[in-house]
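Colleague: So here's upload.cif, just mmCIF, C-alpha atoms and all ligand atoms:
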data_entry
#
loop_
_atom_site.label_atom_id
_atom_site.label_comp_id
_atom_site.auth_asym_id
_atom_site.auth_seq_id
_atom_site.Cartn_x
_atom_site.Cartn_y
_atom_site.Cartn_z
CA MET B 248 0.00 0.00 0.00
CA LEU B 249 0.99 3.58 -0.52
CA ILE B 250 1.37 5.89 2.48
CA VAL B 251 1.03 9.56 1.56
CA GLU B 252 2.33 11.60 4.49
CA ASP B 253 4.62 14.61 4.64
CA GLU B 254 5.60 14.26 8.30
CA ALA B 255 8.63 12.05 7.85
CA SER B 256 8.65 10.60 11.34
CA LEU B 257 4.95 9.68 11.22
CA ALA B 258 5.34 8.20 7.73
CA ARG B 259 8.27 6.10 8.93
CA LEU B 260 6.39 4.92 12.00
CA MET B 261 3.27 3.94 10.03
CA ALA B 262 5.37 2.11 7.43
CA LEU B 263 7.26 0.21 10.12
CA GLU B 264 4.18 -0.80 12.04
CA LEU B 265 2.14 -1.73 8.97
CA GLU B 266 5.00 -3.84 7.67
CA HIS B 267 5.15 -5.48 11.06
CA ALA B 268 1.41 -6.21 10.61
CA GLY B 269 2.21 -7.95 7.32
CA PHE B 270 1.64 -5.25 4.70
CA THR B 271 4.04 -4.11 2.01
CA THR B 272 4.36 -0.35 2.05
CA ALA B 273 5.79 2.52 0.05
CA THR B 274 5.84 6.13 1.21
CA VAL B 275 5.61 9.47 -0.60
CA ALA B 276 5.51 12.96 0.89
CA THR B 277 3.72 15.10 -1.72
CA GLY B 278 0.46 15.09 -3.60
CA GLN B 279 2.11 15.06 -7.01
CA GLN B 280 4.15 11.98 -6.11
CA ALA B 281 1.01 10.35 -4.75
CA LEU B 282 -0.90 10.94 -7.98
CA ALA B 283 1.96 9.64 -10.10
CA GLU B 284 2.24 6.49 -8.00
CA ALA B 285 -1.51 5.96 -7.81
CA GLN B 286 -1.85 6.34 -11.56
CA ALA B 287 0.90 3.79 -12.10
CA GLY B 288 -1.56 1.63 -10.20
CA HIS B 289 0.47 -0.90 -8.26
CA PHE B 290 -1.14 -0.33 -4.87
CA ASP B 291 -4.04 -2.16 -3.28
CA CYS B 292 -4.72 0.67 -0.85
CA LEU B 293 -3.90 4.38 -0.38
CA ILE B 294 -3.38 5.86 3.09
CA LEU B 295 -3.89 9.54 2.48
CA ASP B 296 -2.99 12.44 4.75
CA VAL B 297 -5.15 15.55 4.23
CA MET B 298 -2.64 18.31 4.91
CA LEU B 299 0.15 18.00 2.36
CA PRO B 300 2.49 20.71 1.04
CA ASP B 301 1.10 20.82 -2.50
CA LEU B 302 -2.31 19.14 -3.05
CA SER B 303 -4.76 18.31 -0.30
CA GLY B 304 -5.63 14.70 0.39
CA PHE B 305 -9.18 15.46 -0.73
CA GLU B 306 -7.98 16.70 -4.10
CA ILE B 307 -5.84 13.58 -4.54
CA CYS B 308 -8.82 11.43 -3.59
CA ARG B 309 -11.04 13.14 -6.14
CA ARG B 310 -8.47 12.77 -8.93
CA VAL B 311 -7.70 9.12 -8.19
CA ARG B 312 -11.43 8.34 -8.20
CA GLU B 313 -11.78 9.67 -11.74
CA THR B 314 -9.87 6.66 -13.00
CA ALA B 315 -9.50 4.04 -10.28
CA ASP B 316 -11.42 2.25 -7.55
CA THR B 317 -8.35 1.64 -5.38
CA PRO B 318 -9.40 1.64 -1.70
CA ILE B 319 -8.55 4.97 -0.05
CA ILE B 320 -8.31 5.65 3.67
CA ILE B 321 -8.09 9.33 4.64
CA VAL B 322 -6.05 10.34 7.69
CA THR B 323 -7.61 13.42 9.23
CA ALA B 324 -7.03 15.57 12.29
CA ARG B 325 -9.11 14.79 15.34
CA GLY B 326 -12.67 16.02 15.47
CA GLN B 327 -12.92 17.49 12.00
CA ILE B 328 -16.27 15.91 11.18
CA PRO B 329 -16.90 18.04 8.06
CA ASP B 330 -13.49 16.90 6.77
CA LYS B 331 -14.41 13.29 7.25
CA VAL B 332 -17.65 13.67 5.38
CA ALA B 333 -15.91 15.63 2.60
CA GLY B 334 -13.47 12.76 2.11
CA LEU B 335 -16.24 10.21 1.93
CA GLU B 336 -18.20 12.38 -0.51
CA LEU B 337 -15.17 12.38 -2.78
CA GLY B 338 -15.03 8.61 -2.80
CA ALA B 339 -12.76 7.68 0.10
CA ASP B 340 -13.62 4.30 1.61
CA ASP B 341 -12.89 5.17 5.19
CA TYR B 342 -10.98 7.53 7.43
CA VAL B 343 -8.87 7.36 10.56
CA VAL B 344 -8.26 10.16 13.02
CA LYS B 345 -4.81 11.34 14.14
CA PRO B 346 -2.99 10.35 16.24
CA VAL B 347 -3.08 7.18 14.19
CA ASN B 348 -3.56 3.94 16.07
CA THR B 349 -1.79 1.48 13.80
CA GLU B 350 -3.80 -1.53 14.99
CA GLU B 351 -7.02 0.26 14.11
CA LEU B 352 -5.57 1.38 10.78
CA ALA B 353 -4.50 -2.19 9.96
CA ALA B 354 -8.03 -3.47 10.73
CA ARG B 355 -9.54 -0.82 8.49
CA ILE B 356 -7.10 -1.60 5.68
CA ARG B 357 -8.01 -5.29 5.90
CA ALA B 358 -11.72 -4.39 5.77
CA VAL B 359 -11.42 -2.25 2.64
CA VAL B 360 -9.00 -4.56 0.86
CA ARG B 361 -11.24 -7.57 1.61
CA ARG B 362 -14.04 -5.80 -0.23
CA ARG B 363 -12.07 -5.94 -3.45
CA PRO B 364 -13.73 -7.79 -6.33
CA GLY B 365 -12.59 -11.40 -6.41
CA GLY B 366 -12.39 -11.47 -2.61
CA SER B 367 -13.59 -14.69 -1.02
CA ALA B 368 -16.88 -13.19 0.15
CA HIS B 369 -18.05 -12.69 -3.41
CA SER B 370 -20.71 -14.83 -5.05
CA THR B 371 -21.52 -15.22 -8.73
CA ALA B 372 -25.06 -13.89 -8.41
CA VAL B 373 -26.75 -11.70 -10.98
CA TYR B 374 -29.43 -9.33 -9.73
CA THR B 375 -31.92 -7.46 -11.86
CA ILE B 376 -34.47 -4.88 -10.85
CA GLY B 377 -36.18 -2.71 -13.46
CA ASN B 378 -33.58 -1.50 -15.95
CA LEU B 379 -30.65 -2.24 -13.61
CA SER B 380 -28.55 -5.42 -13.44
CA LEU B 381 -25.58 -6.26 -11.25
CA TRP B 382 -23.07 -9.09 -11.76
CA SER B 383 -21.39 -9.87 -8.45
CA ASP B 384 -18.40 -11.81 -9.72
CA GLN B 385 -17.57 -9.36 -12.51
CA HIS B 386 -18.11 -6.31 -10.32
CA GLN B 387 -20.31 -4.91 -13.04
CA VAL B 388 -23.46 -2.81 -13.03
CA ARG B 389 -25.52 -1.87 -16.06
CA VAL B 390 -28.51 0.39 -16.50
CA ASN B 391 -30.32 0.05 -19.82
CA GLY B 392 -27.37 -2.01 -21.03
CA GLN B 393 -24.81 0.72 -20.29
CA ASN B 394 -21.98 0.11 -17.83
CA VAL B 395 -22.14 2.20 -14.67
CA ALA B 396 -18.87 2.82 -12.81
CA LEU B 397 -19.25 2.60 -9.04
CA THR B 398 -16.74 2.73 -6.22
CA LEU B 399 -16.27 -0.48 -4.26
CA LEU B 400 -18.40 0.74 -1.39
CA GLU B 401 -21.20 1.85 -3.68
CA PHE B 402 -21.05 -1.51 -5.43
CA ARG B 403 -21.13 -3.49 -2.20
CA MET B 404 -24.01 -1.43 -0.91
CA LEU B 405 -26.03 -1.79 -4.11
CA GLU B 406 -25.36 -5.53 -4.08
CA HIS B 407 -26.67 -5.72 -0.52
CA PHE B 408 -29.83 -3.78 -1.39
CA LEU B 409 -30.44 -5.94 -4.45
CA SER B 410 -30.13 -9.11 -2.42
CA HIS B 411 -32.73 -7.70 0.02
CA PRO B 412 -35.28 -6.10 -2.32
CA ASN B 413 -38.11 -4.14 -0.71
CA ARG B 414 -36.72 -4.89 2.75
CA VAL B 415 -35.79 -1.94 4.91
CA GLN B 416 -32.14 -2.04 5.99
CA SER B 417 -31.01 -0.33 9.17
CA ARG B 418 -27.80 1.70 9.16
CA GLU B 419 -26.23 -0.93 11.41
CA ALA B 420 -27.20 -3.74 9.02
CA LEU B 421 -25.66 -1.81 6.13
CA LEU B 422 -22.51 -1.10 8.13
CA ASP B 423 -22.16 -4.83 8.86
CA ALA B 424 -22.90 -5.89 5.29
CA VAL B 425 -20.76 -3.35 3.47
CA TRP B 426 -17.93 -2.63 5.90
CA GLY B 427 -17.88 -5.95 7.79
CA VAL B 428 -19.10 -7.09 11.21
CA ASP B 429 -15.75 -6.57 12.90
CA PHE B 430 -15.62 -3.01 11.68
CA VAL B 431 -16.03 -0.18 14.15
CA GLY B 432 -17.38 2.70 12.13
CA ASP B 433 -19.98 5.38 12.53
CA THR B 434 -23.22 5.59 10.62
CA ASN B 435 -22.05 8.77 8.85
CA LEU B 436 -20.28 6.37 6.52
CA VAL B 437 -23.59 4.72 5.67
CA ASP B 438 -25.52 7.95 5.13
CA VAL B 439 -22.84 9.45 2.90
CA THR B 440 -22.45 6.30 0.82
CA VAL B 441 -26.22 5.92 0.43
CA GLY B 442 -26.39 9.55 -0.71
CA ARG B 443 -23.64 8.99 -3.27
CA LEU B 444 -25.19 5.79 -4.59
CA ARG B 445 -28.63 7.38 -4.77
CA ARG B 446 -27.33 10.30 -6.82
CA ARG B 447 -25.40 7.95 -9.06
CA LEU B 448 -28.48 5.83 -9.78
CA ARG B 449 -30.47 8.96 -10.51
CA SER B 450 -27.80 10.33 -12.85
CA VAL B 451 -27.89 7.18 -15.03
CA GLN B 452 -31.71 7.13 -14.99
CA ALA B 453 -32.12 3.87 -13.12
CA ASP B 454 -35.80 3.23 -12.44
CA THR B 455 -35.06 2.21 -8.85
CA THR B 456 -34.56 4.54 -5.91
CA ILE B 457 -33.07 4.21 -2.44
CA GLU B 458 -35.76 5.57 -0.17
CA THR B 459 -35.17 6.85 3.35
CA VAL B 460 -37.42 5.27 5.97
CA ARG B 461 -37.36 7.84 8.71
CA GLY B 462 -35.97 6.56 11.98
CA VAL B 463 -35.36 3.09 10.55
CA GLY B 464 -33.00 3.09 7.60
CA TYR B 465 -33.13 2.66 3.84
CA VAL B 466 -34.89 0.52 1.27
CA LEU B 467 -34.34 -0.03 -2.46
CA ARG B 468 -37.57 0.09 -4.44
CA ARG B 469 -38.53 0.11 -8.07
CA ASP B 470 -40.14 3.40 -9.04
CA GLN B 471 -43.91 3.46 -9.57
CA GLN B 472 -44.70 3.08 -13.25
CA CA O 501 0.53 16.40 6.85
#
Output the file's structure as structure tokens, nothing else.

Modeller:
Amino acid sequence: MLIVEDEASLARLMALELEHAGFTTATVATGQQALAEAQAGHFDCLILDVMLPDLSGFEICRRVRETADTPIIIVTARGQIPDKVAGLELGADDYVVKPVNTEELAARIRAVVRRRPGGSAHSTAVYTIGNLSLWSDQHQVRVNGQNVALTLLEFRMLEHFLSHPNRVQSREALLDAVWGVDFVGDTNLVDVTVGRLRRRLRSVQADTTIETVRGVGYVLRRDQQ
């Protein structure tokens, strides 16, 4: 994985501890280096600091997402809730708060990397609702026959909704299904990802909608004809 961090001592510490936890790491200190490395595409995960000397972590996240679905974990300063949400809106898969607890970071990396297509949890199911179809094993979604690019989280969430049609899913159920039962996250992640997926489905004119069930959660339903 690629660690993007301009504080040399922190970068070195994270690399050491993550390697101790069994990961292979590389480290860069600027946004431009990060983009070049990410575009070369040899990393299974990006650990992205927000405050960098040239580009912000958010900007890097946005640019990487234009071309790649590589898992991204944002490292943000404590308590900056709007920052966290901004990162997720731009397509980050998760975030950790400084000071970084490497054990927690390692668990989060395992959770996002496990969600990769071809991971053992994946089935070969095909789901269809209205004009939308999803192929689990090929990590493919089509609406009216056209491919729709989704991030891994959006894909996993859509897959979960499609396998539970018309059944209301609580935020906790979605957190378990999409992020994993051993994952300690907050339901902000769920709300932001639902919002992103909902807008995406609308933008490609899918005839299904993720509806909010106030106080309960979310449900995927085919639109009324
Ligand atoms: Ca920094």

Colleague: Could you give me, as a tab-separated table, a per-residue list for region 296-364 of chain B showing, wherever an atom lies at most 8 Å from an atom of region 280-284 of chain B, the closest pair of atoms and their distance in Å to one decimal, using only C-alpha atoms and sorting by chain then residue number from low to high?

Modeller:
residue	atom	partner	partner_atom	distance
B:Ile307	CA	B:Leu282	CA	6.6
B:Arg310	CA	B:Leu282	CA	7.8
B:Val311	CA	B:Leu282	CA	7.0

Colleague: Throw together the list of residues within 7 Å of ligand CA 501 (chain O), counting all atoms listed in the file, and drop it here as a ChimeraX atom specification.

Modeller: /B:252-254,296-299

Colleague: What would the list of residues within 10 Å of (-17.0, -2.5, -12.4) (file frame) look like as an MDAnalysis selection string, if only C-alpha atoms are what count?

Modeller: chainID B and resid 316 364 381:389 394:399 402

Colleague: Just the number, please: distance in Å from CA of Asp340 (chain B) to CA of Arg446 (chain B), one decimal.

Modeller: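 Going from CA of Asp340 (chain B) over to CA of Arg446 (chain B), I get 17.2 Å.
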
Colleague: Quick one: of B:Lys345, B:Ile376, B:Glu266, B:Gly304, who's nearest to Asn413 (chain B), counting all atoms listed in the file?

Modeller: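 Distance minimum relative to Asn413 (chain B) lands on B:Ile376.
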
Colleague: Have a look at B:Val332, B:Leu444, B:Val431, B:Met404 and name the one nearest to Ala358 (chain B); count only C-alpha atoms.

Modeller: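 Closest to Ala358 (chain B), using only C-alpha atoms: B:Val431.
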
Colleague: Which residue gives the smallest distance to Glu458 (chain B) among B:Gly278, B:Gly432, B:Pro412, B:Pro300, with all atoms listed in the file counted?

Modeller: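 The answer is B:Pro412, which sits nearest to Glu458 (chain B).
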
Colleague: From the set B:Ala276, B:Phe270, B:Glu401, B:Gln452, which residue has the shortest atom-to-atom contact distance to Ser256 (chain B), counting only C-alpha atoms?

Modeller: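 The shortest atom-to-atom distance to Ser256 (chain B) comes from B:Ala276.
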
Colleague: Report, in Å to a single decimal, how far apart CA of Ala324 (chain B) and CA of Ala353 (chain B) are.

Modeller: 18.1 Å

Colleague: Provide the CA of Ala420 (chain B) to CA of Glu351 (chain B) distance in Å, to one decimal place.

Modeller: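 Those two atoms sit 21.2 Å apart.
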
Colleague: Name all residues at most 10 Å from Thr271 (chain B) (count only C-alpha atoms; drop same-chain ones fewer than 2 positions away) and give them as a ChimeraX atom specification.

Modeller: /B:248-249,262-263,265-269,273,290-291

Colleague: I'd like to know which of B:Ser450, B:Gln471, B:Thr440, B:Asn435 is closest to Glu336 (chain B), using all atoms listed in the file.

Modeller: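 Using all atoms listed in the file, Glu336 (chain B) sits closest to B:Thr440.
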
Colleague: Considering all atoms listed in the file, can you say which of B:Leu337, B:Ile319, B:Ala354, B:Leu421 comes closest to Leu293 (chain B)?

Modeller: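 The answer is B:Ile319, which sits nearest to Leu293 (chain B).
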